[in-house]
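As structure tokens, the structure follows; a few thoughts come after it.
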Amino acid sequence: MVTLKELDTKSLILDTTTNLSRVGNFVLDENYERANYFVNEIEEYIKELDKREYDESLKVWVDKARSIILAVRNKNIESKYIADDSFTCGVILQNRALFYL
């Protein structure tokens, strides 16, 4: 099994985008147990990203992913907004990662 340290930055970000999509889907289904599972994975990816240098244009969206993590854990906004933010953040991160990394 590959550890997070072994993945390059682009792979970490792309894995994060996949999990953001999963979070959005599970939140829409009101399956917060599964959403939290993937939120925990996203958090681990971000912790590894924080140890690395990457393009500044991605940092805004990594911070947005952090806010999604908090929102899912606290269920402090309506689920449709969490899901929309998850999908949007994931798509933008994916496109920028492909372009900048």
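Order determines the names: the first chain of the structure tokens is A, the second B, and so forth; residues in each chain are numbered 1 upward, and ligands are numbered 1 upward as they are shown.
Residues within 9 Å of range 58-68 of chain A, counting only C-alpha atoms and excluding same-chain residues fewer than 4 positions away, are Ile13, Thr16, Leu20, Val39, Ile42, Glu43, Ile46, Leu49, Tyr54, Val72, Arg73, Ile82, Ala83, Asp85, Ser86, Cys89, Gly90, Ile92, Leu93, Arg96, Ala97 and Tyr100 of chain A.
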Residues near Glu44 in chain A, anyone? I mean within 12 Å using only C-alpha atoms, not counting same-chain ones fewer than 3 positions away, as a PDB file with C-alpha atoms, in the first residue's frame.
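Output below, filename selection.pdb:
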ATOM      1  CA  THR A   3       1.562   5.972   1.946  1.00  0.00           C
ATOM      2  CA  LEU A   4       0.617   9.621   1.580  1.00  0.00           C
ATOM      3  CA  LYS A   5       4.273  10.620   1.831  1.00  0.00           C
ATOM      4  CA  LEU A  12      -2.717  14.078  -3.306  1.00  0.00           C
ATOM      5  CA  ILE A  13      -4.817  16.891  -4.693  1.00  0.00           C
ATOM      6  CA  ASP A  15      -7.391  12.128  -4.499  1.00  0.00           C
ATOM      7  CA  THR A  16      -8.775  14.997  -2.444  1.00  0.00           C
ATOM      8  CA  ASN A  19     -13.197  12.471  -1.945  1.00  0.00           C
ATOM      9  CA  TYR A  37     -15.224   8.865   6.636  1.00  0.00           C
ATOM     10  CA  PHE A  38     -14.143  10.725   3.493  1.00  0.00           C
ATOM     11  CA  VAL A  39     -13.808  14.024   5.360  1.00  0.00           C
ATOM     12  CA  ASN A  40     -11.266  12.274   7.598  1.00  0.00           C
ATOM     13  CA  GLU A  41      -9.341  11.138   4.517  1.00  0.00           C
ATOM     14  CA  LYS A  47      -2.061  17.573   6.509  1.00  0.00           C
ATOM     15  CA  GLU A  48       0.393  16.061   4.048  1.00  0.00           C
ATOM     16  CA  LEU A  49      -0.095  18.938   1.583  1.00  0.00           C
ATOM     17  CA  ASP A  50       0.674  21.428   4.349  1.00  0.00           C
ATOM     18  CA  LYS A  51       4.177  19.963   4.511  1.00  0.00           C
ATOM     19  CA  ALA A  65     -11.841  22.078   1.607  1.00  0.00           C
ATOM     20  CA  ARG A  66     -10.944  22.705   5.254  1.00  0.00           C
ATOM     21  CA  ILE A  69     -14.565  19.452   6.638  1.00  0.00           C
TER      22      ILE A  69
END
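Proximity of A:Val91, A:Glu56, A:Leu98, A:Asn36 to Ser21 in chain A, computed with only C-alpha atoms, is greatest for A:Val91.
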Might you pull out every residue within 10 Å of Arg34 in chain A, with only C-alpha atoms counted and same-chain residues fewer than 5 positions away left off, and present them as a VMD selection string? chain A and resid 22 to 23 25 to 27 29 39 to 40
Go ahead and compute the interatomic distance for CA of Lys75 in chain A and CA of Gln94 in chain A, in Å to one decimal. 25.1 Å
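If you measure from each of A:Glu33, A:Leu28, A:Asp8, A:Leu14 to Tyr81 in chain A using only C-alpha atoms, the closest one turns out to be A:Leu28.
Going from CA of Lys10 in chain A to CA of Ala71 in chain A covers 25.0 Å.
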Run DSSP on the backbone and give me the residues of chain A it puts in helix (DSSP H, G or I), as a ChimeraX atom specification. /A:4-6,9-28,32-49,56-74,79-100
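CA of Asp55 in chain A lies 16.8 Å from CA of Leu7 in chain A.
Proximity ranking of A:Phe99, A:Asn74, A:Tyr45, A:Glu53 relative to Glu6 in chain A places A:Tyr45 first, based on only C-alpha atoms.
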